[in-house]
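Have a look at upload28.txt below; it lists compact mmCIF, C-alpha atoms.
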# COMPACT_ATOMS: atom_id res chain seq x y z
CA MET P 10 39.99 29.88 11.90
CA GLU P 11 42.23 27.02 13.07
CA GLU P 12 39.28 25.41 14.87
CA ASP P 13 37.12 25.67 11.71
CA GLU P 14 39.86 24.09 9.59
CA SER P 15 40.22 21.21 12.03
CA LEU P 16 36.49 20.57 11.85
CA ASN P 17 36.51 20.73 8.06
CA SER P 18 39.19 18.05 7.82
CA SER P 19 37.85 15.79 10.57
CA TYR P 20 36.60 12.23 10.13
CA TRP P 21 33.73 10.38 11.71
CA ALA P 22 34.96 8.71 14.87
CA ALA P 23 32.82 5.74 13.85
CA GLY P 24 34.98 5.24 10.75
CA VAL P 25 33.01 7.22 8.16
CA ALA P 26 35.43 9.40 6.23
CA LYS P 27 34.45 12.61 4.60
CA GLY P 28 34.94 11.11 1.15
CA ASP P 29 32.84 8.00 2.04
CA SER P 30 29.71 9.79 3.15
CA GLY P 31 28.05 9.78 -0.25
CA GLY P 32 29.27 13.23 -1.30
CA GLY P 33 27.28 15.12 1.31
CA SER P 34 28.57 17.51 3.91
CA PHE P 35 27.42 17.47 7.49
CA ARG P 36 27.08 20.02 10.24
CA ASP P 37 25.67 19.99 13.77
CA ASN P 38 24.94 23.43 15.19
CA ASP P 39 23.22 22.30 18.33
CA SER P 40 26.06 21.10 20.51
CA ASP P 41 29.77 21.31 21.19
CA THR P 42 31.65 19.14 18.70
CA SER P 43 34.28 18.27 21.27
CA ALA P 44 31.70 16.67 23.60
CA ASN P 45 31.14 13.49 21.61
CA PRO P 46 33.14 11.76 18.84
CA GLY P 47 29.91 11.25 16.88
CA GLU P 48 29.61 15.01 16.48
CA MET P 49 32.94 15.43 14.60
CA LEU P 50 31.27 16.14 11.27
CA ALA P 51 32.77 17.38 8.04
CA ASN P 52 31.60 20.82 6.91
CA ASP P 53 32.28 21.94 3.33
CA VAL P 54 29.85 24.88 3.34
CA PRO P 55 31.57 28.24 3.00
CA LYS P 56 31.13 30.44 6.02
CA GLY P 57 29.11 33.08 4.19
CA GLU P 58 26.70 30.51 2.74
CA ALA P 59 26.04 28.44 5.87
CA ASN P 60 22.72 30.07 6.68
CA THR P 61 21.37 30.06 3.12
CA THR P 62 22.11 26.47 2.08
CA SER P 63 19.24 24.00 2.36
CA TRP P 64 20.39 20.48 3.12
CA THR P 65 19.32 17.68 0.78
CA GLU P 66 21.06 14.92 2.74
CA PHE P 67 20.94 14.02 6.42
CA VAL P 68 22.97 11.89 8.80
CA LEU P 69 21.25 9.48 11.21
CA VAL P 70 23.70 9.46 14.13
CA GLY P 71 21.42 8.07 16.84
CA LEU P 72 23.45 4.89 17.28
CA LEU P 73 26.66 6.90 17.78
CA TYR P 74 25.09 8.51 20.84
CA HIS P 75 23.91 5.22 22.31
CA LYS P 76 25.97 3.85 25.22
CA ALA P 77 25.73 0.25 24.00
CA PRO P 78 24.79 0.27 20.30
CA THR P 79 25.70 -3.39 19.78
CA VAL P 80 23.40 -4.52 22.61
CA PHE P 81 20.64 -2.21 21.34
CA LEU P 82 20.92 -3.62 17.81
CA GLY P 83 21.16 -7.19 19.09
CA MET P 84 17.88 -6.84 21.02
CA ASN P 85 16.23 -5.20 18.02
CA LEU P 86 17.44 -7.98 15.74
CA LEU P 87 16.11 -10.68 18.07
CA MET P 88 12.68 -9.01 18.31
CA PHE P 89 12.75 -8.42 14.54
CA LEU P 90 13.22 -12.14 13.85
CA ILE P 91 10.45 -13.11 16.29
CA ALA P 92 8.09 -10.52 14.77
CA LEU P 93 9.00 -11.63 11.26
CA ILE P 94 8.30 -15.30 11.96
CA GLY P 95 5.20 -14.74 14.12
CA ASN P 96 3.42 -12.29 11.80
CA THR P 97 4.33 -14.18 8.62
CA LEU P 98 3.07 -17.43 10.12
CA LEU P 99 -0.15 -15.74 11.22
CA LEU P 100 -0.76 -14.31 7.75
CA ILE P 101 -0.20 -17.75 6.18
CA LEU P 102 -2.59 -19.46 8.62
CA ILE P 103 -5.36 -16.91 8.05
CA ARG P 104 -4.88 -17.20 4.31
CA ILE P 105 -5.02 -20.99 4.00
CA ASP P 106 -7.35 -22.06 6.83
CA SER P 107 -11.07 -21.86 6.09
CA GLY P 108 -11.90 -21.75 9.80
CA LEU P 109 -10.17 -18.38 10.16
CA GLN P 110 -12.23 -16.57 7.54
CA THR P 111 -14.10 -14.40 10.07
CA PRO P 112 -14.15 -10.62 10.73
CA MET P 113 -11.88 -10.98 13.77
CA TYR P 114 -9.16 -12.74 11.78
CA PHE P 115 -9.63 -10.37 8.84
CA PHE P 116 -8.65 -7.48 11.14
CA LEU P 117 -5.89 -9.56 12.73
CA SER P 118 -4.40 -10.16 9.28
CA GLN P 119 -4.40 -6.40 8.74
CA LEU P 120 -2.61 -5.90 12.07
CA ALA P 121 -0.04 -8.60 11.23
CA PHE P 122 0.64 -6.98 7.85
CA MET P 123 1.15 -3.56 9.48
CA ASP P 124 3.50 -4.98 12.10
CA LEU P 125 5.48 -6.85 9.46
CA CYS P 126 5.92 -3.74 7.33
CA GLN P 127 6.84 -1.64 10.40
CA VAL P 128 9.79 -3.78 11.38
CA LEU P 129 10.92 -4.27 7.78
CA SER P 130 11.02 -0.50 7.22
CA ILE P 131 13.22 0.20 10.26
CA VAL P 132 15.42 -2.67 11.49
CA PRO P 133 17.19 -3.80 8.27
CA GLN P 134 18.21 -0.24 7.38
CA THR P 135 19.52 0.40 10.90
CA ILE P 136 21.61 -2.79 10.86
CA VAL P 137 23.03 -2.05 7.40
CA ASN P 138 23.93 1.51 8.43
CA PHE P 139 25.73 0.27 11.52
CA ALA P 140 27.52 -2.55 9.68
CA THR P 141 28.74 -0.30 6.85
CA GLN P 142 29.30 2.73 9.11
CA LYS P 143 27.42 4.89 6.58
CA TYR P 144 24.57 6.84 8.16
CA ASN P 145 23.67 9.33 5.43
CA ILE P 146 20.20 9.42 3.85
CA SER P 147 18.81 11.67 1.11
CA LEU P 148 15.91 14.02 1.78
CA TYR P 149 13.59 12.07 -0.54
CA ALA P 150 14.46 8.74 1.09
CA CYS P 151 13.96 10.35 4.49
CA VAL P 152 10.52 11.68 3.57
CA THR P 153 9.58 8.30 2.07
CA GLN P 154 10.47 6.56 5.34
CA ILE P 155 8.45 9.15 7.29
CA PHE P 156 5.43 8.48 5.08
CA ILE P 157 5.68 4.69 5.49
CA ILE P 158 6.09 4.87 9.28
CA LEU P 159 3.20 7.33 9.69
CA VAL P 160 0.86 5.35 7.43
CA LEU P 161 1.53 2.10 9.26
CA GLY P 162 1.51 3.66 12.73
CA GLY P 163 -1.71 5.58 12.11
CA ALA P 164 -3.38 2.54 10.56
CA GLU P 165 -2.40 0.41 13.57
CA CYS P 166 -3.90 2.98 15.94
CA LEU P 167 -7.20 2.77 14.11
CA ILE P 168 -7.21 -0.99 13.47
CA LEU P 169 -6.75 -1.67 17.20
CA ALA P 170 -9.89 0.38 17.88
CA THR P 171 -11.73 -1.49 15.12
CA MET P 172 -10.71 -4.84 16.61
CA SER P 173 -11.94 -3.82 20.06
CA TYR P 174 -15.29 -2.81 18.53
CA ASP P 175 -15.46 -6.19 16.77
CA ARG P 176 -14.95 -7.99 20.12
CA TYR P 177 -17.56 -5.75 21.76
CA VAL P 178 -20.18 -6.66 19.15
CA ALA P 179 -19.27 -10.38 19.31
CA ILE P 180 -19.60 -10.56 23.11
CA CYS P 181 -22.21 -7.94 23.98
CA ARG P 182 -24.40 -8.16 20.85
CA PRO P 183 -23.91 -11.71 19.55
CA LEU P 184 -27.27 -11.91 17.78
CA GLN P 185 -26.54 -8.75 15.78
CA TYR P 186 -22.93 -9.71 15.00
CA PRO P 187 -23.63 -11.25 11.54
CA VAL P 188 -25.34 -7.99 10.50
CA LEU P 189 -23.11 -5.40 12.19
CA MET P 190 -19.86 -7.10 11.13
CA ARG P 191 -20.77 -8.47 7.71
CA ARG P 192 -18.11 -8.53 5.01
CA LYS P 193 -19.10 -5.21 3.42
CA ILE P 194 -18.86 -3.41 6.77
CA CYS P 195 -15.43 -4.95 7.41
CA TYR P 196 -14.16 -3.73 4.05
CA ILE P 197 -15.52 -0.23 4.71
CA LEU P 198 -13.88 -0.09 8.15
CA SER P 199 -10.58 -1.32 6.70
CA ALA P 200 -10.70 1.21 3.86
CA GLY P 201 -11.45 3.99 6.34
CA VAL P 202 -8.43 2.97 8.46
CA TRP P 203 -6.03 3.10 5.53
CA PHE P 204 -7.55 6.25 4.03
CA TRP P 205 -7.35 8.34 7.20
CA SER P 206 -3.83 7.20 8.08
CA SER P 207 -2.68 7.90 4.50
CA VAL P 208 -4.13 11.42 4.58
CA GLN P 209 -2.39 12.14 7.88
CA ALA P 210 0.93 10.71 6.67
CA LEU P 211 0.75 12.44 3.28
CA THR P 212 0.06 15.80 4.94
CA CYS P 213 3.17 15.55 7.12
CA SER P 214 5.39 14.16 4.36
CA LEU P 215 4.47 16.74 1.73
CA TYR P 216 4.91 19.56 4.25
CA VAL P 217 8.45 18.65 5.35
CA LEU P 218 9.70 17.92 1.81
CA PRO P 219 10.10 21.53 0.54
CA LEU P 220 11.16 23.05 3.89
CA PRO P 221 14.50 24.92 3.98
CA TYR P 222 16.94 23.01 6.22
CA CYS P 223 19.66 25.51 7.05
CA LYS P 224 20.27 24.77 10.74
CA SER P 225 21.88 21.33 10.59
CA ASN P 226 21.59 18.02 8.82
CA VAL P 227 22.36 15.81 11.82
CA ILE P 228 19.47 13.71 13.18
CA LYS P 229 20.22 11.97 16.48
CA HIS P 230 17.96 9.06 15.62
CA ASN P 231 18.31 5.74 13.80
CA MET P 232 15.49 6.63 11.39
CA CYS P 233 13.81 9.70 9.93
CA ASP P 234 11.06 11.31 12.00
CA TYR P 235 9.09 14.36 10.92
CA PRO P 236 9.43 16.31 14.24
CA ALA P 237 13.22 16.00 13.85
CA LEU P 238 13.06 17.52 10.35
CA VAL P 239 10.77 20.32 11.53
CA GLN P 240 13.31 21.10 14.26
CA LEU P 241 16.07 21.40 11.66
CA SER P 242 14.03 23.74 9.48
CA CYS P 243 14.68 27.48 9.64
CA SER P 244 11.08 28.47 8.76
CA ASP P 245 8.08 29.22 10.99
CA ASN P 246 6.11 25.97 11.38
CA SER P 247 3.71 26.94 14.17
CA ALA P 248 0.57 26.67 11.98
CA PHE P 249 1.63 23.22 10.79
CA GLU P 250 2.35 22.06 14.35
CA ASN P 251 -1.15 23.12 15.48
CA THR P 252 -2.78 21.35 12.53
CA VAL P 253 -0.82 18.15 13.12
CA TYR P 254 -1.61 18.26 16.82
CA ILE P 255 -5.35 18.22 16.01
CA GLY P 256 -4.83 15.31 13.60
CA ASP P 257 -2.83 13.40 16.20
CA PHE P 258 -5.61 14.02 18.71
CA LEU P 259 -8.09 12.34 16.37
CA VAL P 260 -5.75 9.44 15.52
CA PHE P 261 -4.73 8.72 19.12
CA LEU P 262 -7.34 9.80 21.64
CA ILE P 263 -10.52 8.83 19.80
CA PRO P 264 -9.34 5.22 19.21
CA VAL P 265 -8.16 5.03 22.83
CA SER P 266 -11.65 6.08 23.96
CA VAL P 267 -13.25 3.44 21.71
CA ILE P 268 -10.90 0.75 23.06
CA LEU P 269 -11.50 1.62 26.71
CA ALA P 270 -15.28 1.83 26.23
CA SER P 271 -15.35 -1.51 24.39
CA TYR P 272 -13.31 -3.39 26.98
CA ILE P 273 -15.23 -1.89 29.89
CA ALA P 274 -18.50 -3.01 28.26
CA ILE P 275 -17.02 -6.48 27.66
CA LEU P 276 -15.89 -6.83 31.27
CA LEU P 277 -19.29 -5.70 32.56
CA GLN P 278 -21.03 -8.19 30.28
CA VAL P 279 -18.78 -11.06 31.34
CA SER P 280 -19.07 -10.16 35.04
CA ARG P 281 -22.83 -10.74 34.82
CA ALA P 282 -22.20 -14.33 33.76
CA ARG P 283 -22.27 -16.94 36.49
CA SER P 284 -19.20 -18.77 35.24
CA SER P 285 -16.21 -17.54 37.24
CA GLU P 286 -13.83 -19.43 34.94
CA ARG P 287 -15.12 -17.53 31.93
CA SER P 288 -14.86 -14.23 33.83
CA HIS P 289 -11.24 -14.87 34.82
CA LYS P 290 -10.30 -15.87 31.28
CA ALA P 291 -11.95 -12.77 29.79
CA LEU P 292 -10.30 -10.56 32.41
CA GLY P 293 -6.87 -12.02 31.64
CA THR P 294 -7.39 -11.58 27.90
CA CYS P 295 -8.56 -7.97 28.27
CA LEU P 296 -5.67 -7.06 30.57
CA SER P 297 -3.08 -8.53 28.19
CA HIS P 298 -4.62 -6.65 25.28
CA LEU P 299 -4.74 -3.40 27.24
CA CYS P 300 -1.09 -3.74 28.30
CA VAL P 301 0.09 -3.93 24.67
CA VAL P 302 -2.34 -1.21 23.58
CA GLY P 303 -1.23 1.04 26.45
CA LEU P 304 2.44 0.53 25.57
CA PHE P 305 1.79 1.27 21.90
CA TYR P 306 -0.39 4.35 22.37
CA GLY P 307 1.70 5.70 25.26
CA ALA P 308 4.93 5.63 23.23
CA CYS P 309 3.18 7.15 20.19
CA MET P 310 1.63 10.01 22.13
CA TRP P 311 4.88 10.67 24.01
CA THR P 312 6.62 11.11 20.65
CA TYR P 313 4.05 12.87 18.47
CA MET P 314 1.86 14.84 20.87
CA THR P 315 4.66 16.77 22.55
CA PRO P 316 5.61 20.21 21.14
CA VAL P 317 8.33 20.13 18.49
CA SER P 318 10.38 22.56 20.59
CA SER P 319 10.69 19.93 23.35
CA TYR P 320 11.15 16.97 20.97
CA SER P 321 14.28 14.89 21.58
CA ALA P 322 15.39 12.58 18.78
CA GLN P 323 17.52 10.53 21.16
CA LYS P 324 14.55 9.84 23.46
CA SER P 325 12.34 9.23 20.44
CA MET P 326 14.76 6.53 19.26
CA ILE P 327 13.92 4.54 22.42
CA ASN P 328 10.19 5.32 22.15
CA THR P 329 10.20 4.09 18.56
CA VAL P 330 11.10 0.60 19.75
CA PHE P 331 8.02 0.54 22.00
CA TYR P 332 5.51 1.51 19.29
CA THR P 333 7.03 -0.41 16.37
CA ILE P 334 9.20 -3.42 17.22
CA VAL P 335 7.85 -4.44 20.66
CA PRO P 336 4.14 -4.51 19.64
CA ALA P 337 5.03 -6.30 16.40
CA THR P 338 6.79 -8.96 18.47
CA MET P 339 4.03 -9.38 21.06
CA ASN P 340 0.85 -9.00 18.97
CA PRO P 341 0.97 -12.43 17.24
CA PHE P 342 1.21 -14.18 20.61
CA ILE P 343 -1.28 -12.06 22.54
CA TYR P 344 -3.98 -11.72 19.89
CA SER P 345 -3.67 -14.94 17.94
CA LEU P 346 -1.28 -17.76 18.79
CA ARG P 347 -2.88 -18.18 22.24
CA ASN P 348 -6.24 -18.56 20.50
CA ARG P 349 -7.69 -22.07 20.20
CA ASP P 350 -8.67 -21.63 16.54
CA VAL P 351 -5.18 -20.47 15.56
CA SER P 352 -3.56 -23.27 17.56
CA THR P 353 -5.74 -25.83 15.76
CA ALA P 354 -4.88 -24.31 12.37
CA LEU P 355 -1.18 -24.35 13.28
CA ARG P 356 -1.32 -28.04 14.21
CA LYS P 357 -3.06 -28.81 10.89
CA LEU P 358 -0.34 -26.96 9.00
CA PHE P 359 2.45 -28.80 10.79
CA ALA P 360 0.67 -32.11 10.21
CA LYS P 361 0.46 -31.42 6.45
CA CYS P 362 4.12 -30.44 6.32
CA THR P 363 5.10 -33.60 8.21
CA LEU P 364 3.10 -35.84 5.87
CA ARG P 365 4.69 -34.27 2.79
CA THR P 366 8.18 -34.86 4.12
Let me see the file written as structure tokens.
Amino acid sequence: MEEDESLNSSYWAAGVAKGDSGGGSFRDNDSDTSANPGEMLANDVPKGEANTTSWTEFVLVGLLYHKAPTVFLGMNLLMFLIALIGNTLLLILIRIDSGLQTPMYFFLSQLAFMDLCQVLSIVPQTIVNFATQKYNISLYACVTQIFIILVLGGAECLILATMSYDRYVAICRPLQYPVLMRRKICYILSAGVWFWSSVQALTCSLYVLPLPYCKSNVIKHNMCDYPALVQLSCSDNSAFENTVYIGDFLVFLIPVSVILASYIAILLQVSRARSSERSHKALGTCLSHLCVVGLFYGACMWTYMTPVSSYSAQKSMINTVFYTIVPATMNPFIYSLRNRDVSTALRKLFAKCTLRT
């Protein structure tokens, strides 16, 4: 009884008092509370009601478990600023330059928009939580964040495959490109990307919303993730896990197959050309694209295609950086800013700005 009373009156070691946590109460059943200061959580639930109460508020304590949270946040903030500037600039260039009104840049603008929204939905909240030392989040806000992350992540998986198909048609079937990639087809492909990712995200979000959360309300992550919520649920979710696994298979492995097939066909086509300079340039471009794609898909599959029983929120917090912030930082440079057309448009924009000043 003395140990329970000491836990009930404890404060967050990070400076979050029981009265400052937004009125919620917090409990971590999965580990020894004496092992880490971040686990000293207030618990106002009566002993007899602990197993019947469903939590409506959660605590994102991932940063409290990190060995160097300031360094982690500093790196995220730096990449966030680069991604913010790079993707915003790319969207502006594609919007105002008439020479960039092609299918390739239409899909690139979609990718830049997804990357921009990804970083905006994660990094600012994480920094504010750390600065204010308040890590609580309501169930509805948590589910909303899950929906946004899944929509954008799923859409990026599919848009990368669409972009690789666009490059395949442009290089291997140049005479048919105006027909196969006309504006109507581009709009249909884009609508299909957003529709399928929205269905997948909505399915996961609506499922986790009404679940009973009676195990704990502590998430060892810096953002909400649906496998973490499923882990905290006290209901049988095996049927849902199998269904989601099939959906993840379609979202991840089919686009990966399309990307690999497209780039292999491109490399074979270029290798037949007599120009060694062109072959080396195409090889370098393909390898740089595949590196970013491999990093993105690898981190996504590592997080979402592993069984929920073996899911680790702490490891997922690191993986999240590699499929959200890192690709958003690198994509503008790898896909666009190295491109001659984008460089020309950028010089024109700077020239106009200089003349006006």
- Task: Find, counting all atoms listed in the file, the residue in P:Gln110, P:Asn251, P:Ser271, P:Ser206 that gets nearest to Thr171 in chain P.
- Result: P:Ser271
- Counting only C-alpha atoms, the option among P:Met314, P:Leu276, P:Val128, P:Val68 closest to Leu90 in chain P: P:Val128
- Query: Which residues come within 8 Å of Ile157 in chain P, counting all atoms listed in the file, excluding same-chain residues fewer than 3 positions away, as a PyMOL selection string?
  - Reply: chain P and resi 130+153-154+160-161+210
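Candidate residues P:Arg365, P:His298, P:His75, P:Lys143 were compared for distance to Pro336 in chain P, and the nearest is P:His298, using only C-alpha atoms.
Going from CA of Tyr254 in chain P to CA of Ala322 in chain P covers 18.0 Å.
Pairwise distance (CA of Tyr320 in chain P, CA of Phe122 in chain P) equals 29.3 Å.
Distance annotation: of P:Cys213, P:Phe261, P:Thr312, P:Gln119, the residue with the minimal separation from Leu238 in chain P is P:Cys213; atom set is all atoms listed in the file.
Remark: for Ser147 in chain P, the closest of the candidate residues P:Ala179, P:Leu299, P:Val188, P:Leu218 is P:Leu218 (distances computed over only C-alpha atoms).
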